[in-house]
$ cat entry-v5.cif   # mmCIF, N, CA and C atoms
data_structure
#
loop_
_atom_site.label_atom_id
_atom_site.label_comp_id
_atom_site.auth_asym_id
_atom_site.auth_seq_id
_atom_site.Cartn_x
_atom_site.Cartn_y
_atom_site.Cartn_z
N MET A 1 8.46 8.42 1.56
CA MET A 1 8.64 7.90 0.23
C MET A 1 7.46 7.00 -0.14
N VAL A 2 6.91 7.24 -1.29
CA VAL A 2 5.83 6.41 -1.82
C VAL A 2 6.28 5.88 -3.17
N ARG A 3 6.16 4.59 -3.34
CA ARG A 3 6.48 3.95 -4.62
C ARG A 3 5.22 3.32 -5.16
N LEU A 4 4.91 3.59 -6.41
CA LEU A 4 3.73 3.06 -7.07
C LEU A 4 4.15 2.05 -8.11
N ILE A 5 3.51 0.88 -8.07
CA ILE A 5 3.73 -0.16 -9.07
C ILE A 5 2.42 -0.37 -9.80
N MET A 6 2.43 -0.14 -11.10
CA MET A 6 1.21 -0.32 -11.90
C MET A 6 1.46 -1.36 -12.98
N GLY A 7 0.38 -2.04 -13.36
CA GLY A 7 0.43 -3.01 -14.44
C GLY A 7 -0.91 -3.72 -14.54
N THR A 8 -1.18 -4.24 -15.70
CA THR A 8 -2.44 -4.95 -15.90
C THR A 8 -2.42 -6.28 -15.15
N ASN A 9 -3.57 -6.92 -15.05
CA ASN A 9 -3.64 -8.23 -14.40
C ASN A 9 -2.69 -9.20 -15.08
N GLY A 10 -1.96 -9.95 -14.27
CA GLY A 10 -1.03 -10.94 -14.80
C GLY A 10 0.34 -10.38 -15.14
N ALA A 11 0.58 -9.12 -14.83
CA ALA A 11 1.86 -8.48 -15.17
C ALA A 11 2.96 -8.79 -14.15
N GLY A 12 2.64 -9.45 -13.05
CA GLY A 12 3.64 -9.83 -12.06
C GLY A 12 3.80 -8.86 -10.90
N LYS A 13 2.81 -8.01 -10.69
CA LYS A 13 2.89 -7.03 -9.60
C LYS A 13 2.95 -7.70 -8.23
N THR A 14 2.08 -8.68 -8.01
CA THR A 14 2.03 -9.33 -6.70
C THR A 14 3.31 -10.09 -6.42
N LYS A 15 3.86 -10.76 -7.42
CA LYS A 15 5.13 -11.47 -7.24
C LYS A 15 6.23 -10.48 -6.87
N GLN A 16 6.27 -9.34 -7.56
CA GLN A 16 7.24 -8.30 -7.26
C GLN A 16 7.04 -7.77 -5.84
N LEU A 17 5.77 -7.57 -5.47
CA LEU A 17 5.45 -7.08 -4.13
C LEU A 17 5.92 -8.06 -3.06
N ILE A 18 5.68 -9.33 -3.25
CA ILE A 18 6.11 -10.35 -2.28
C ILE A 18 7.63 -10.32 -2.12
N GLU A 19 8.36 -10.20 -3.21
CA GLU A 19 9.81 -10.13 -3.13
C GLU A 19 10.27 -8.89 -2.37
N LEU A 20 9.61 -7.75 -2.63
CA LEU A 20 9.95 -6.51 -1.92
C LEU A 20 9.67 -6.64 -0.43
N ILE A 21 8.54 -7.26 -0.09
CA ILE A 21 8.18 -7.46 1.32
C ILE A 21 9.22 -8.32 2.02
N GLN A 22 9.60 -9.43 1.38
CA GLN A 22 10.58 -10.33 1.99
C GLN A 22 11.92 -9.62 2.20
N SER A 23 12.34 -8.80 1.24
CA SER A 23 13.62 -8.10 1.41
C SER A 23 13.51 -7.03 2.50
N SER A 24 12.33 -6.41 2.64
CA SER A 24 12.13 -5.42 3.71
C SER A 24 12.25 -6.06 5.09
N VAL A 25 11.66 -7.23 5.24
CA VAL A 25 11.73 -7.94 6.53
C VAL A 25 13.18 -8.22 6.89
N ALA A 26 13.96 -8.62 5.90
CA ALA A 26 15.36 -8.95 6.16
C ALA A 26 16.22 -7.71 6.40
N ALA A 27 15.91 -6.59 5.76
CA ALA A 27 16.80 -5.43 5.79
C ALA A 27 16.40 -4.35 6.78
N GLU A 28 15.13 -4.21 7.09
CA GLU A 28 14.67 -3.09 7.91
C GLU A 28 14.54 -3.48 9.38
N ALA A 29 14.82 -2.53 10.23
CA ALA A 29 14.75 -2.78 11.67
C ALA A 29 13.33 -2.66 12.21
N GLY A 30 12.48 -1.90 11.52
CA GLY A 30 11.12 -1.67 12.00
C GLY A 30 10.16 -2.75 11.55
N SER A 31 8.90 -2.57 11.92
CA SER A 31 7.84 -3.50 11.56
C SER A 31 7.41 -3.26 10.12
N VAL A 32 6.99 -4.35 9.46
CA VAL A 32 6.52 -4.30 8.09
C VAL A 32 5.05 -4.71 8.08
N VAL A 33 4.22 -3.93 7.39
CA VAL A 33 2.79 -4.18 7.31
C VAL A 33 2.39 -4.31 5.85
N CYS A 34 1.51 -5.25 5.55
CA CYS A 34 0.98 -5.39 4.21
C CYS A 34 -0.55 -5.39 4.29
N ILE A 35 -1.18 -4.46 3.59
CA ILE A 35 -2.64 -4.39 3.52
C ILE A 35 -3.04 -4.95 2.17
N GLU A 36 -3.89 -5.96 2.17
CA GLU A 36 -4.34 -6.57 0.93
C GLU A 36 -5.86 -6.65 0.90
N PRO A 37 -6.45 -6.78 -0.29
CA PRO A 37 -7.92 -6.80 -0.38
C PRO A 37 -8.55 -8.10 0.13
N SER A 38 -7.80 -9.18 0.15
CA SER A 38 -8.27 -10.45 0.69
C SER A 38 -7.07 -11.18 1.27
N LYS A 39 -7.23 -12.42 1.66
CA LYS A 39 -6.10 -13.10 2.31
C LYS A 39 -5.32 -14.00 1.35
N ASP A 40 -4.98 -13.46 0.20
CA ASP A 40 -4.28 -14.24 -0.82
C ASP A 40 -2.81 -14.50 -0.51
N MET A 41 -2.16 -13.61 0.21
CA MET A 41 -0.71 -13.74 0.45
C MET A 41 -0.36 -14.42 1.76
N THR A 42 -1.32 -14.98 2.45
CA THR A 42 -1.10 -15.56 3.77
C THR A 42 0.09 -16.51 3.81
N TYR A 43 0.22 -17.35 2.82
CA TYR A 43 1.28 -18.37 2.83
C TYR A 43 2.50 -17.96 2.01
N ASP A 44 2.47 -16.77 1.42
CA ASP A 44 3.56 -16.33 0.56
C ASP A 44 4.56 -15.43 1.24
N ILE A 45 4.18 -14.82 2.36
CA ILE A 45 5.09 -13.88 3.01
C ILE A 45 5.40 -14.35 4.43
N SER A 46 6.48 -13.81 4.96
CA SER A 46 6.97 -14.17 6.28
C SER A 46 5.94 -13.90 7.38
N TYR A 47 5.95 -14.73 8.38
CA TYR A 47 5.06 -14.53 9.53
C TYR A 47 5.43 -13.27 10.31
N ASN A 48 6.59 -12.70 10.03
CA ASN A 48 7.01 -11.47 10.69
C ASN A 48 6.30 -10.23 10.15
N VAL A 49 5.62 -10.38 9.04
CA VAL A 49 4.89 -9.27 8.42
C VAL A 49 3.48 -9.24 8.99
N ARG A 50 3.04 -8.05 9.37
CA ARG A 50 1.64 -7.89 9.83
C ARG A 50 0.78 -7.81 8.59
N LEU A 51 0.07 -8.90 8.28
CA LEU A 51 -0.78 -8.98 7.10
C LEU A 51 -2.20 -8.57 7.48
N VAL A 52 -2.72 -7.55 6.82
CA VAL A 52 -4.04 -7.01 7.12
C VAL A 52 -4.95 -7.26 5.94
N ASN A 53 -6.02 -8.02 6.16
CA ASN A 53 -7.03 -8.28 5.14
C ASN A 53 -8.06 -7.16 5.24
N ALA A 54 -8.03 -6.20 4.31
CA ALA A 54 -8.88 -5.02 4.38
C ALA A 54 -10.36 -5.38 4.36
N SER A 55 -10.73 -6.49 3.72
CA SER A 55 -12.15 -6.85 3.65
C SER A 55 -12.71 -7.22 5.03
N GLU A 56 -11.86 -7.64 5.95
CA GLU A 56 -12.32 -7.96 7.30
C GLU A 56 -12.70 -6.71 8.09
N TYR A 57 -12.25 -5.54 7.62
CA TYR A 57 -12.51 -4.29 8.32
C TYR A 57 -13.44 -3.37 7.53
N ASN A 58 -14.09 -3.91 6.51
CA ASN A 58 -15.05 -3.18 5.69
C ASN A 58 -14.48 -1.89 5.11
N VAL A 59 -13.24 -1.92 4.71
CA VAL A 59 -12.62 -0.76 4.07
C VAL A 59 -13.20 -0.67 2.66
N ASP A 60 -13.87 0.45 2.38
CA ASP A 60 -14.53 0.57 1.08
C ASP A 60 -14.35 1.94 0.44
N SER A 61 -13.38 2.70 0.93
CA SER A 61 -13.12 4.02 0.35
C SER A 61 -11.71 4.45 0.73
N PHE A 62 -11.24 5.49 0.05
CA PHE A 62 -9.93 6.02 0.38
C PHE A 62 -9.92 6.61 1.79
N GLU A 63 -11.04 7.19 2.19
CA GLU A 63 -11.14 7.76 3.54
C GLU A 63 -11.00 6.66 4.60
N CYS A 64 -11.67 5.53 4.38
CA CYS A 64 -11.55 4.41 5.32
C CYS A 64 -10.12 3.88 5.36
N LEU A 65 -9.49 3.82 4.20
CA LEU A 65 -8.11 3.33 4.13
C LEU A 65 -7.16 4.28 4.85
N ARG A 66 -7.40 5.59 4.73
CA ARG A 66 -6.59 6.55 5.49
C ARG A 66 -6.74 6.31 6.98
N GLY A 67 -7.96 6.05 7.42
CA GLY A 67 -8.20 5.76 8.84
C GLY A 67 -7.51 4.48 9.29
N LEU A 68 -7.55 3.45 8.45
CA LEU A 68 -6.90 2.18 8.78
C LEU A 68 -5.39 2.37 8.90
N ILE A 69 -4.79 3.05 7.94
CA ILE A 69 -3.35 3.28 7.97
C ILE A 69 -2.96 4.12 9.19
N SER A 70 -3.72 5.16 9.46
CA SER A 70 -3.43 6.01 10.62
C SER A 70 -3.56 5.21 11.92
N GLY A 71 -4.59 4.38 12.00
CA GLY A 71 -4.79 3.55 13.20
C GLY A 71 -3.70 2.52 13.39
N LEU A 72 -3.26 1.90 12.30
CA LEU A 72 -2.17 0.93 12.39
C LEU A 72 -0.91 1.61 12.92
N TYR A 73 -0.63 2.81 12.40
CA TYR A 73 0.57 3.52 12.83
C TYR A 73 0.43 4.00 14.28
N ALA A 74 -0.75 4.46 14.65
CA ALA A 74 -0.97 4.92 16.03
C ALA A 74 -0.76 3.79 17.02
N GLY A 75 -1.05 2.56 16.60
CA GLY A 75 -0.87 1.41 17.47
C GLY A 75 0.53 0.85 17.46
N ASN A 76 1.37 1.28 16.51
CA ASN A 76 2.72 0.75 16.41
C ASN A 76 3.61 1.77 15.71
N TYR A 77 4.30 2.60 16.48
CA TYR A 77 5.17 3.63 15.92
C TYR A 77 6.46 3.05 15.33
N ASP A 78 6.66 1.74 15.46
CA ASP A 78 7.85 1.10 14.93
C ASP A 78 7.68 0.66 13.47
N ILE A 79 6.54 0.94 12.86
CA ILE A 79 6.33 0.56 11.47
C ILE A 79 7.28 1.35 10.59
N SER A 80 8.06 0.64 9.77
CA SER A 80 9.01 1.30 8.87
C SER A 80 8.55 1.26 7.42
N HIS A 81 7.72 0.26 7.08
CA HIS A 81 7.28 0.13 5.69
C HIS A 81 5.88 -0.47 5.67
N MET A 82 5.01 0.15 4.88
CA MET A 82 3.66 -0.38 4.64
C MET A 82 3.51 -0.65 3.16
N TYR A 83 2.95 -1.80 2.87
CA TYR A 83 2.65 -2.19 1.49
C TYR A 83 1.13 -2.23 1.34
N VAL A 84 0.64 -1.73 0.22
CA VAL A 84 -0.79 -1.77 -0.08
C VAL A 84 -0.94 -2.46 -1.42
N ASP A 85 -1.52 -3.65 -1.42
CA ASP A 85 -1.71 -4.41 -2.65
C ASP A 85 -3.08 -4.12 -3.23
N ASN A 86 -3.10 -3.74 -4.49
CA ASN A 86 -4.34 -3.50 -5.24
C ASN A 86 -5.18 -2.39 -4.61
N LEU A 87 -4.61 -1.22 -4.58
CA LEU A 87 -5.21 -0.04 -3.94
C LEU A 87 -6.65 0.21 -4.38
N CYS A 88 -6.90 0.21 -5.67
CA CYS A 88 -8.25 0.54 -6.17
C CYS A 88 -9.29 -0.50 -5.76
N LYS A 89 -8.89 -1.74 -5.66
CA LYS A 89 -9.82 -2.79 -5.21
C LYS A 89 -10.16 -2.59 -3.74
N ILE A 90 -9.17 -2.27 -2.93
CA ILE A 90 -9.42 -2.04 -1.51
C ILE A 90 -10.35 -0.85 -1.31
N ALA A 91 -10.06 0.25 -2.02
CA ALA A 91 -10.84 1.48 -1.85
C ALA A 91 -12.17 1.45 -2.62
N GLY A 92 -12.34 0.48 -3.51
CA GLY A 92 -13.57 0.39 -4.27
C GLY A 92 -13.76 1.51 -5.28
N SER A 93 -12.64 2.03 -5.79
CA SER A 93 -12.73 3.16 -6.72
C SER A 93 -11.53 3.16 -7.67
N SER A 94 -11.79 3.50 -8.91
CA SER A 94 -10.70 3.73 -9.86
C SER A 94 -10.78 5.15 -10.41
N ASP A 95 -11.22 6.06 -9.57
CA ASP A 95 -11.23 7.49 -9.88
C ASP A 95 -9.79 7.97 -9.75
N TRP A 96 -9.14 8.24 -10.89
CA TRP A 96 -7.71 8.52 -10.88
C TRP A 96 -7.37 9.80 -10.14
N GLN A 97 -8.27 10.76 -10.11
CA GLN A 97 -8.03 11.98 -9.34
C GLN A 97 -8.03 11.67 -7.84
N ALA A 98 -8.95 10.79 -7.43
CA ALA A 98 -9.00 10.38 -6.02
C ALA A 98 -7.75 9.56 -5.65
N VAL A 99 -7.29 8.73 -6.58
CA VAL A 99 -6.06 7.96 -6.35
C VAL A 99 -4.88 8.91 -6.16
N GLU A 100 -4.78 9.90 -7.04
CA GLU A 100 -3.70 10.89 -6.93
C GLU A 100 -3.75 11.62 -5.59
N LYS A 101 -4.94 12.02 -5.19
CA LYS A 101 -5.11 12.71 -3.91
C LYS A 101 -4.68 11.81 -2.75
N PHE A 102 -5.05 10.52 -2.81
CA PHE A 102 -4.66 9.58 -1.76
C PHE A 102 -3.14 9.39 -1.73
N LEU A 103 -2.51 9.25 -2.90
CA LEU A 103 -1.06 9.07 -2.96
C LEU A 103 -0.34 10.30 -2.41
N ASN A 104 -0.88 11.49 -2.68
CA ASN A 104 -0.29 12.71 -2.11
C ASN A 104 -0.42 12.72 -0.59
N TRP A 105 -1.57 12.26 -0.08
CA TRP A 105 -1.74 12.16 1.37
C TRP A 105 -0.73 11.17 1.95
N LEU A 106 -0.57 10.01 1.28
CA LEU A 106 0.41 9.01 1.73
C LEU A 106 1.81 9.60 1.78
N ASP A 107 2.15 10.40 0.77
CA ASP A 107 3.47 11.00 0.72
C ASP A 107 3.69 11.94 1.91
N ARG A 108 2.70 12.74 2.22
CA ARG A 108 2.80 13.63 3.39
C ARG A 108 2.90 12.82 4.68
N PHE A 109 2.09 11.77 4.81
CA PHE A 109 2.12 10.88 5.98
C PHE A 109 3.51 10.25 6.11
N SER A 110 4.06 9.82 4.98
CA SER A 110 5.37 9.19 4.95
C SER A 110 6.46 10.12 5.46
N GLU A 111 6.45 11.35 4.97
CA GLU A 111 7.46 12.33 5.39
C GLU A 111 7.33 12.68 6.87
N ARG A 112 6.09 12.82 7.33
CA ARG A 112 5.84 13.21 8.72
C ARG A 112 6.21 12.10 9.70
N ASN A 113 6.00 10.84 9.29
CA ASN A 113 6.18 9.72 10.23
C ASN A 113 7.33 8.77 9.88
N MET A 114 8.07 9.09 8.83
CA MET A 114 9.22 8.26 8.43
C MET A 114 8.81 6.81 8.14
N VAL A 115 7.71 6.65 7.41
CA VAL A 115 7.23 5.34 6.99
C VAL A 115 7.28 5.29 5.48
N LYS A 116 7.85 4.23 4.92
CA LYS A 116 7.86 4.06 3.47
C LYS A 116 6.58 3.33 3.05
N PHE A 117 6.09 3.65 1.85
CA PHE A 117 4.91 3.00 1.30
C PHE A 117 5.21 2.47 -0.09
N THR A 118 4.72 1.27 -0.36
CA THR A 118 4.75 0.71 -1.71
C THR A 118 3.33 0.29 -2.01
N VAL A 119 2.80 0.77 -3.14
CA VAL A 119 1.40 0.58 -3.49
C VAL A 119 1.31 -0.03 -4.88
N THR A 120 0.42 -1.02 -5.05
CA THR A 120 0.18 -1.56 -6.39
C THR A 120 -1.22 -1.17 -6.86
N ILE A 121 -1.32 -0.98 -8.17
CA ILE A 121 -2.61 -0.70 -8.81
C ILE A 121 -2.69 -1.56 -10.06
N SER A 122 -3.81 -2.27 -10.22
CA SER A 122 -4.02 -3.11 -11.39
C SER A 122 -4.61 -2.29 -12.53
N ALA A 123 -3.74 -1.58 -13.22
CA ALA A 123 -4.12 -0.79 -14.39
C ALA A 123 -2.85 -0.46 -15.15
N ASP A 124 -2.98 -0.25 -16.43
CA ASP A 124 -1.84 0.12 -17.25
C ASP A 124 -1.33 1.50 -16.85
N GLU A 125 -0.03 1.70 -16.91
CA GLU A 125 0.57 2.98 -16.54
C GLU A 125 0.05 4.14 -17.39
N SER A 126 -0.46 3.84 -18.56
CA SER A 126 -0.93 4.91 -19.46
C SER A 126 -2.13 5.66 -18.90
N VAL A 127 -2.86 5.08 -17.94
CA VAL A 127 -4.03 5.75 -17.35
C VAL A 127 -3.65 6.64 -16.17
N ALA A 128 -2.40 6.59 -15.75
CA ALA A 128 -1.96 7.36 -14.59
C ALA A 128 -2.00 8.85 -14.88
N THR A 129 -2.45 9.61 -13.88
CA THR A 129 -2.43 11.06 -13.99
C THR A 129 -0.99 11.55 -13.86
N GLU A 130 -0.78 12.80 -14.19
CA GLU A 130 0.57 13.37 -14.06
C GLU A 130 1.07 13.29 -12.62
N GLY A 131 0.16 13.54 -11.66
CA GLY A 131 0.53 13.44 -10.25
C GLY A 131 0.89 12.02 -9.83
N MET A 132 0.18 11.04 -10.39
CA MET A 132 0.48 9.64 -10.07
C MET A 132 1.84 9.24 -10.63
N ARG A 133 2.20 9.81 -11.76
CA ARG A 133 3.48 9.46 -12.40
C ARG A 133 4.69 9.86 -11.54
N ASN A 134 4.48 10.82 -10.64
CA ASN A 134 5.56 11.21 -9.73
C ASN A 134 5.99 10.07 -8.81
N PHE A 135 5.11 9.09 -8.62
CA PHE A 135 5.38 7.99 -7.68
C PHE A 135 5.82 6.71 -8.40
N LEU A 136 5.78 6.71 -9.73
CA LEU A 136 6.17 5.50 -10.48
C LEU A 136 7.67 5.30 -10.46
#
$ encode --input "entry-v5.cif" --output "structure tokens"
Amino acid sequence: MVRLIMGTNGAGKTKQLIELIQSSVAAEAGSVVCIEPSKDMTYDISYNVRLVNASEYNVDSFECLRGLISGLYAGNYDISHMYVDNLCKIAGSSDWQAVEKFLNWLDRFSERNMVKFTVTISADESVATEGMRNFL
């Protein structure tokens, strides 16, 4: 399962994401991971969440992000939910076709490994491709 949250800057996506993360920690038996573009959420989420600052690992493309997600899962098969905050900033791209392709890859990864994903993008929903709308 992949859930996409879109909205312009200041729309409350990060606040919503923090609330979702906190409820996942309380409700899910597996590990929870949050990948963010910088270390902004360090003091906002539970210490039980594996917080990954993507900038520390030089993630600069969707391909690098796929490798990071695969590596995190390979190191911990108990991951039940991964959150990705500000996907386009992490990947360094707002190519909507590439975003759609990445979300489709996430969906296949999710089904194969039983990991849920919640992803935020800082853009209005009106720019979403038809494929991206499947995840809204």
$ residues_around --input "entry-v5.cif" --residues "Ile121 in chain A" --least-positions-apart "6" --cutoff "6 Å" --atoms "only C-alpha atoms" --output "ChimeraX atom specification"
/A:6,86-87
$ select_by_dssp --input "entry-v5.cif" --residues "chain A" --states "strand (DSSP E or B)" --output "ChimeraX atom specification"
/A:2-7,31-36,50-53,79-84,116-123
$ select_by_dssp --input "entry-v5.cif" --residues "chain A" --states "helix (DSSP H, G or I)" --output "JSON, numbers by chain"
{"A": [13, 14, 15, 16, 17, 18, 19, 20, 21, 22, 23, 24, 25, 26, 27, 54, 55, 56, 57, 62, 63, 64, 65, 66, 67, 68, 69, 70, 71, 72, 73, 74, 75, 87, 88, 89, 90, 91, 96, 97, 98, 99, 100, 101, 102, 103, 104, 105, 106, 107, 108, 109, 110, 111, 112, 113, 125, 126, 127, 130, 131, 132, 133]}
$ residues_around --input "entry-v5.cif" --residues "Arg112 in chain A" --least-positions-apart "5" --cutoff "8 Å" --atoms "all atoms listed in the file" --output "PyMOL selection string"
chain A and resi 1+106-107
$ resolve_selection --input "entry-v5.cif" --expression "the PyMOL selection byres (((chain A and resi 77 and name CA) around 10) and name CA)" --output "PyMOL selection string"
chain A and resi 30-31+72-76+78-80+113-115
$ atom_distance --input "entry-v5.cif" --atom1 "CA of Val59 in chain A" --atom2 "atom N of Ile21 in chain A"
22.5 Å
$ residues_around --input "entry-v5.cif" --residues "Ser126 in chain A" --least-positions-apart "5" --cutoff "12 Å" --atoms "only C-alpha atoms" --output "ChimeraX atom specification"
/A:6-8,96,132-133,136
$ closest_residue --input "entry-v5.cif" --among "A:Lys89, A:Arg50, A:Lys101, A:His81" --to "Lys116 in chain A" --atoms "only N, CA and C atoms"
A:His81
$ closest_residue --input "entry-v5.cif" --among "A:Thr120, A:Ser61, A:Asn134, A:Thr129" --to "Ile5 in chain A" --atoms "all atoms listed in the file"
A:Thr120
$ closest_residue --input "entry-v5.cif" --among "A:Met41, A:Leu4, A:Cys88, A:Leu103" --to "Asp60 in chain A" --atoms "only C-alpha atoms"
A:Cys88
$ closest_residue --input "entry-v5.cif" --among "A:Phe109, A:Phe62, A:Phe117, A:Phe102" --to "Val84 in chain A" --atoms "only C-alpha atoms"
A:Phe117
$ closest_residue --input "entry-v5.cif" --among "A:Ala54, A:Asp44, A:Val127, A:Phe135" --to "Gln97 in chain A" --atoms "only C-alpha atoms"
A:Val127
$ atom_distance --input "entry-v5.cif" --atom1 "atom N of Ile45 in chain A" --atom2 "atom N of Tyr57 in chain A"
19.6 Å
$ atom_distance --input "entry-v5.cif" --atom1 "atom N of Arg108 in chain A" --atom2 "CA of Asp40 in chain A"
28.0 Å
$ resolve_selection --input "entry-v5.cif" --expression "the PyMOL selection byres ((chain A and resi 49) around 7)" --output "tab-separated table (two decimals) with N, CA and C atoms, in the frame of the given file"
chain	number	residue	atom	x	y	z
A	31	SER	N	8.90	-2.57	11.92
A	31	SER	CA	7.84	-3.50	11.56
A	31	SER	C	7.41	-3.26	10.12
A	32	VAL	N	6.99	-4.35	9.46
A	32	VAL	CA	6.52	-4.30	8.09
A	32	VAL	C	5.05	-4.71	8.08
A	33	VAL	N	4.22	-3.93	7.39
A	33	VAL	CA	2.79	-4.18	7.31
A	33	VAL	C	2.39	-4.31	5.85
A	34	CYS	N	1.51	-5.25	5.55
A	34	CYS	CA	0.98	-5.39	4.21
A	34	CYS	C	-0.55	-5.39	4.29
A	45	ILE	N	4.18	-14.82	2.36
A	45	ILE	CA	5.09	-13.88	3.01
A	45	ILE	C	5.40	-14.35	4.43
A	46	SER	N	6.48	-13.81	4.96
A	46	SER	CA	6.97	-14.17	6.28
A	46	SER	C	5.94	-13.90	7.38
A	47	TYR	N	5.95	-14.73	8.38
A	47	TYR	CA	5.06	-14.53	9.53
A	47	TYR	C	5.43	-13.27	10.31
A	48	ASN	N	6.59	-12.70	10.03
A	48	ASN	CA	7.01	-11.47	10.69
A	48	ASN	C	6.30	-10.23	10.15
A	50	ARG	N	3.04	-8.05	9.37
A	50	ARG	CA	1.64	-7.89	9.83
A	50	ARG	C	0.78	-7.81	8.59
A	51	LEU	N	0.07	-8.90	8.28
A	51	LEU	CA	-0.78	-8.98	7.10
A	51	LEU	C	-2.20	-8.57	7.48
A	52	VAL	N	-2.72	-7.55	6.82
A	52	VAL	CA	-4.04	-7.01	7.12
A	52	VAL	C	-4.95	-7.26	5.94
$ closest_residue --input "entry-v5.cif" --among "A:Ile90, A:Val99, A:Ala128, A:Met82" --to "Ser38 in chain A" --atoms "only C-alpha atoms"
A:Ile90
